[in-house]
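Asker: Here it is: the structure, laid out below.
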There are 2 protein chains.
Amino acid sequence: MWSEARGAGWAGREERVAARPTMHDVARVAGVSVTTVSRCINNDRYVRDSTRQKVDAAVAELGFQRNDMARALRPGQATATIALVIEDVANPFYSGIARGVDEVAQQNRHLLVVGNTELSFDRERELLGELVRRRVDGLLVVPTAHDHRSLHADLGRWAPMVFIDRAPTGVPADAVLLDNRGGTRQAIEHLIAAGHRRIAYIGGDPSVYTGAQRLAGYRQTLRKAGLTYHDELVSLGHHTDAAAREAVLALLGRRGGPTAVFADNNRMTIGALHAVAESGGKVDVAGFDDLELADLLSMQVALVTYRPDDLGRTAATLLFDRIRGDTRPPRRIVIKTELVMRGRPR
Amino acid sequence: MWSEARGAGWAGREERVAARPTMHDVARVAGVSVTTVSRCINNDRYVRDSTRQKVDAAVAELGFQRNDMARALRPGQATATIALVIEDVANPFYSGIARGVDEVAQQNRHLLVVGNTELSFDRERELLGELVRRRVDGLLVVPTAHDHRSLHADLGRWAPMVFIDRAPTGVPADAVLLDNRGGTRQAIEHLIAAGHRRIAYIGGDPSVYTGAQRLAGYRQTLRKAGLTYHDELVSLGHHTDAAAREAVLALLGRRGGPTAVFADNNRMTIGALHAVAESGGKVDVAGFDDLELADLLSMQVALVTYRPDDLGRTAATLLFDRIRGDTRPPRRIVIKTELVMRGRPR
DNA sequence: CTGTTAGCGCTTTCAT
DNA sequence: ATGAAAGCGCTAACAG
């Protein structure tokens with residue numbers, strides 16, 4: 001009695017072997033019990049060599065592949081999967097994180113599910129729910145700008161969560177962050193040292209943790225240097241480099257416009273660079289995040305750099321500690337940034 | 001009788017509610033049977049409103065989350081997961097693909113597992129095995145340079161496979177490819193039209209499908225233009241931009257060196273650009289793949305462009321057709337490329 | 001060393 | 001409209 005072939009066999013041909021053989025099929029072909037098959041598959045000791053060979057032969061003949069879903073159903077078994085919830089893999093910042101996470105996941109023999117939220121809290125909530133229902137062993141999240149208290153309370157017990165890049169408010173979880181204020185300070189100080197007094201700030205969503213921190217760093221640094229903060233030099237809420245470009249162009253077109261601009265993140269910096277290149281003026285640019293190819297630019301730019309994969313690796317390491325049962329109080333790790341000059345001076 | 005709390009409750013506190021409640025727990029709290037709970041969870045008809053409310057309350061009280069692993073165990077049920085096997089997410093080419101795939105996956109309410117192979121066939125084989133054992137519904141693969149016949153024969157029956165960017169030899173599967181020869185031809189013709197006669201080719205692994213195709217396009221175009229192919233102008237087998245840079249530097253340092261260089265892929269182009277910038281000579285560069293920020297470069301570069309996310313979207317669309325039972329003969333879709341000039345002429 | 005059996009958490013006939 | 005019971009594919013006591 002063979003298992004019924006689930007789904008039509010290829011081209012409707014009726015096959016004598018099950019389309020997706022189970023351990024029972026293997027056991028039958030090998031003439032042993034499922035237990036023995038299980039033992040062979042999982043390399044338990046206590047299997048006679050000749051038996052093992054029969055089983056191996058049956059496995060090969062049938063093309064059997066163990067069903068890990070069924071396996072993980074047993075209590076105590078894990079799914080050997082972790083998940084990374086980000087805004088957009090196509091952004092090098094996030095793909096860098098993903099890369100770092102995957103390295104650590106691989107070392108721990110886990111698979112990685114990646115989900116894009118596109119900045120939508122609803123999508124994030126939905127995604128995390130799906131992930132938890134699939135019983136991933138752990139969650140790595142770059143949270144959207146919302147209150148994560150209830151979300152974390154609901155889902156945190158199903159899988160450990162580690163936050164990346166943004167600290168969720170009021171949630172007792174591990175987080176790996178960048179030195180947003182410090183990095184911004186260095187960049188602004190650099191611009192001030194270069195003689196600039198009117199420094200624009202071009203940024204994304206200021207309600208996102210990083211945006212708020214960086215803006216705070218900007219204001220703080222201006223103040224410490226005795227410069228006044230000008231509202232009209234600050235342009236926020238941009239989501240694309242195109243929007244940033246427009247905004248900078250507008251800023252530059254005004255009387256009393258900036259002589260330098262600091263950009264909040266990689267996309268903002270790209271937009272700013274385009275705007276400055278087009279406007280042709282001698283405006284200095286600084287920005288958060290590194291940019292590939294920045295060193296070959298026709299203009300100079302000061303960049304607040306760090307390795308995104310470090311964020312991912314560190315967070316994943318923290319997560320696996322939790323997965324292994326670490327119950328110490330939540331930790332917050334801050335990754336240092338470094339200001340570097342890229343591109344060629346004019 | 002409550003389910004035992006699996007794993008220690010937080011801080012060892014003994015909880016009256018199960019740490020990870022099951023449907024049975026919900027049923028007990030709601031005072032109904034598991035069947036009814038299942039019906040509510042899955043929005044079956046035939047549930048009295050008052051019953052549904054009791055169940056909803058119990059679900060909320062316990063923080064129940066359905067176990068989709070157990071659910072998928074039933075015959076005919078899918079895991080609602082597809083996988084993407086690539087070389088390295090941190091490379092914008094692959095992250096672009098991943099982005100496109102995720103879009104389509106989301107539309108089809110599937111989750112995406114991403115695996116990095118680092119170009120290792122062993123790792124690829126292992127990864128695909130793990131994926132199949134987890135019973136993903138479909139596989140998207142950028143294959144490494146090896147014979148995939150047996151791999152596909154072994155695993156193809158467990159989940160439909162669609163190949164991206166590289167056509168595996170002798171495997172009857174869908175594939176989405178780039179117009180490698182055509183794209184390369186355009187680039188080389190451009191360089192020839194600019195007066196170049198000694199055009200270097202700097203490339204990655206020539207045994208990888210794309211490498212072979214692009215090299216063939218290069219030779220073919222030279223021949224058609226009546227130019228002779230010079231072995232010493234061709235440097236292959238580079239995996240990083242640093243290696244490409246070195247190689248181009250070496251090429252440029254030689255007597256009778258190239259007056260232009262064509263680079264095989266994005267990393268090769270980055271290396272070539274660095275080398276040319278350093279050497280200061282007036283060497284023209286062309287390359288396969290687009291480069292972010294290329295338009296702000298201090299030198300000009302001709303790029304063979306296309307949208308990586310299109311590759312991903314198209315492949316994922318094909319895959320979902322298969323998942324839905326499409327049994328038409330395998331298809332091969334070729335994505336067109338476009339030659340664009342980036343950067344500023346000196 | 002090997003087999004029997006009892007579930008894991010869920011869906012799904014089949015009764016009621 | 002609801003429940004009892006079988007079983008998805010696997011592992012883990014427990015016997016032998």
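Chain lettering (A, B, ...) mirrors the order of the structure tokens, residue numbering begins at 1 for each chain separately, and ligand numbering begins at 1 in order of display.
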Using only C-alpha atoms (C1' of nucleotides), what table do you get, as JSON lines, when you list each residue of chain C with an atom no more than 9 Å from chain A, its nearest pair of atoms, and their distance in Å rounded to one decimal, rows by chain then rising number?
Answerer:
```
{"residue": "C:DC1", "atom": "C1'", "partner": "A:Tyr46", "partner_atom": "CA", "distance": 5.6}
{"residue": "C:DT2", "atom": "C1'", "partner": "A:Thr36", "partner_atom": "CA", "distance": 6.9}
{"residue": "C:DG3", "atom": "C1'", "partner": "A:Ser33", "partner_atom": "CA", "distance": 6.3}
{"residue": "C:DG7", "atom": "C1'", "partner": "A:Arg74", "partner_atom": "CA", "distance": 8.5}
{"residue": "C:DC8", "atom": "C1'", "partner": "A:Arg74", "partner_atom": "CA", "distance": 4.3}
{"residue": "C:DG9", "atom": "C1'", "partner": "A:Leu73", "partner_atom": "CA", "distance": 7.5}
```
Asker: Print the selection's residues with C-alpha atoms (C1' of nucleotides) to a file, as a compact mmCIF listing (two decimals), in the first residue's frame.
Answerer:
```txt
# COMPACT_ATOMS: atom_id res chain seq x y z
C1' DC C 1 19.58 -3.32 17.66
C1' DT C 2 14.55 -2.86 16.29
C1' DG C 3 9.47 -2.27 16.51
C1' DG C 7 1.29 12.11 20.61
C1' DC C 8 2.98 17.29 18.53
C1' DG C 9 -1.35 21.13 16.94
```
Asker: Write down, as a VMD selection string, each residue of chain D that has any atom within 12 Å of an atom of chain B, counting only C-alpha atoms (C1' of nucleotides).
Answerer: chain D and resid 1 to 5 7 to 10
Asker: Quick one: residues within 9 Å of region 252-260 of chain A, only C-alpha atoms (C1' of nucleotides), excluding same-chain residues fewer than 2 positions away - as a list in words?
Answerer: Leu191, His196, Arg197, Arg198, Ile199, Ala200, Tyr201, Glu232, Leu233, Ala247, Val248, Leu249, Ala250, Phe262, Ala275, Val276, Ser279, Gly281, Lys282, Val283, Asp284, Val285 and Ala286 of chain A
Asker: Within 12 Å of Leu293 (chain B), counting only C-alpha atoms (C1' of nucleotides), which residues qualify if same-chain residues fewer than 2 places away don't, as a PyMOL selection string?
Answerer: (chain A and resi 241+266-267+269-274+277+291-299+343) or (chain B and resi 270+290-291+295-301+342-344)
Asker: Can you tell me, as a PyMOL selection string, what residues are no more than 12 Å from Ala57 (chain B) when counting only C-alpha atoms (C1' of nucleotides), ignoring any on the same chain fewer than 3 positions away?
Answerer: chain B and resi 26-27+29-31+37+40-41+50-54+60-64
Asker: Once you have the residues from the selection above, write them out as an mmCIF file, in the first residue's frame, restricted to C-alpha atoms.
Answerer:
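File written: selection_29.cif
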```
data_model
loop_
_atom_site.group_PDB
_atom_site.id
_atom_site.type_symbol
_atom_site.label_atom_id
_atom_site.label_comp_id
_atom_site.auth_asym_id
_atom_site.auth_seq_id
_atom_site.Cartn_x
_atom_site.Cartn_y
_atom_site.Cartn_z
ATOM 1 C CA VAL B 26 -8.559 28.284 23.723
ATOM 2 C CA ALA B 27 -11.300 25.668 23.467
ATOM 3 C CA VAL B 29 -11.307 28.692 28.116
ATOM 4 C CA ALA B 30 -14.113 29.328 25.649
ATOM 5 C CA GLY B 31 -15.931 26.206 26.715
ATOM 6 C CA VAL B 37 -12.153 27.140 17.607
ATOM 7 C CA CYS B 40 -13.629 30.609 14.155
ATOM 8 C CA ILE B 41 -9.953 31.088 13.499
ATOM 9 C CA SER B 50 -22.335 34.221 20.508
ATOM 10 C CA THR B 51 -19.992 31.262 20.186
ATOM 11 C CA ARG B 52 -17.669 33.196 17.978
ATOM 12 C CA GLN B 53 -17.519 35.952 20.551
ATOM 13 C CA LYS B 54 -16.611 33.552 23.336
ATOM 14 C CA ALA B 60 -7.440 37.510 23.004
ATOM 15 C CA GLU B 61 -7.146 36.539 26.651
ATOM 16 C CA LEU B 62 -4.601 33.844 25.980
ATOM 17 C CA GLY B 63 -2.793 35.628 23.182
ATOM 18 C CA PHE B 64 -3.249 32.586 21.024
#
```
Asker: Contacts from chain A to chain B, 6 Å maximum, only C-alpha atoms: show me the residue list as a list in words.
Answerer: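 The contacting residues on chain A are Gln65, Arg66, Asn67, Asp68, Met69, Val89, Ala90, Ser95, Gly96, Arg99, Leu112, Val113, Val114, Arg133, Arg134, Leu296, Leu297 and Ser298 of chain A.
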Asker: Could you please determine the separation between CA of Asp56 (chain B) and CA of Gly156 (chain A) in Å, to one decimal place?
Answerer: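 Computing it gives 20.3 Å between the two atoms.
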Asker: What residues in region 49-166 of chain A get the DSSP label alpha helix (DSSP H)? Please answer as a PyMOL selection string.
Answerer: chain A and resi 49-62+68-73+92-107+121-133+149-155
Asker: Report as a count of residues only all protein, DNA and RNA residues lying within 12 Å of DA6 (chain C), evaluated on only C-alpha atoms (C1' of nucleotides), omitting residues in the same chain fewer than 3 positions from it.
Answerer: 4
Asker: Quick one: everything within 9 Å of His190 (chain A), counting only C-alpha atoms (C1' of nucleotides), minus sequence neighbours fewer than 3 positions away in the same chain. Send it as a PDB file with C-alpha atoms, in the first residue's frame.
Answerer:
```
ATOM      1  CA  ARG A 185      27.913  65.790  15.701  1.00  0.00           C
ATOM      2  CA  GLN A 186      31.159  64.850  14.002  1.00  0.00           C
ATOM      3  CA  ALA A 187      29.723  65.690  10.614  1.00  0.00           C
ATOM      4  CA  ALA A 193      35.321  73.829  11.117  1.00  0.00           C
ATOM      5  CA  ALA A 194      35.293  74.338   7.380  1.00  0.00           C
ATOM      6  CA  GLY A 195      33.810  77.755   8.051  1.00  0.00           C
ATOM      7  CA  ALA A 286      27.872  65.745   4.552  1.00  0.00           C
ATOM      8  CA  ALA A 302      31.868  63.915   4.361  1.00  0.00           C
ATOM      9  CA  LEU A 339      33.542  60.360   9.693  1.00  0.00           C
TER      10      LEU A 339
END
```
Asker: Please identify the strand (DSSP E or B) residues within region 74-210 of chain A (assignment by DSSP from backbone atoms) and present them as a list of chain:residue names.
Answerer: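 Reading the DSSP output for region 74-210 of chain A, strand (DSSP E or B) covers A:Thr81, A:Ile82, A:Ala83, A:Leu84, A:Val85, A:Ile86, A:Leu111, A:Leu112, A:Val113, A:Val114, A:Gly115, A:Asn116, A:Gly138, A:Leu139, A:Leu140, A:Val141, A:Met161, A:Val162, A:Phe163, A:Ile164, A:Asp174, A:Ala175, A:Val176, A:Leu177, A:Leu178, A:Ile199, A:Ala200, A:Tyr201, A:Ile202.
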Asker: Mind pulling up the distance from CA of Val104 (chain B) to CA of Asp44 (chain B)?
Answerer: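 Between these atoms lies a distance of 27.5 Å.
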Asker: CA of Val208 (chain B) to CA of Asp231 (chain B): how many Å, to one decimal?
Answerer: 19.1 Å
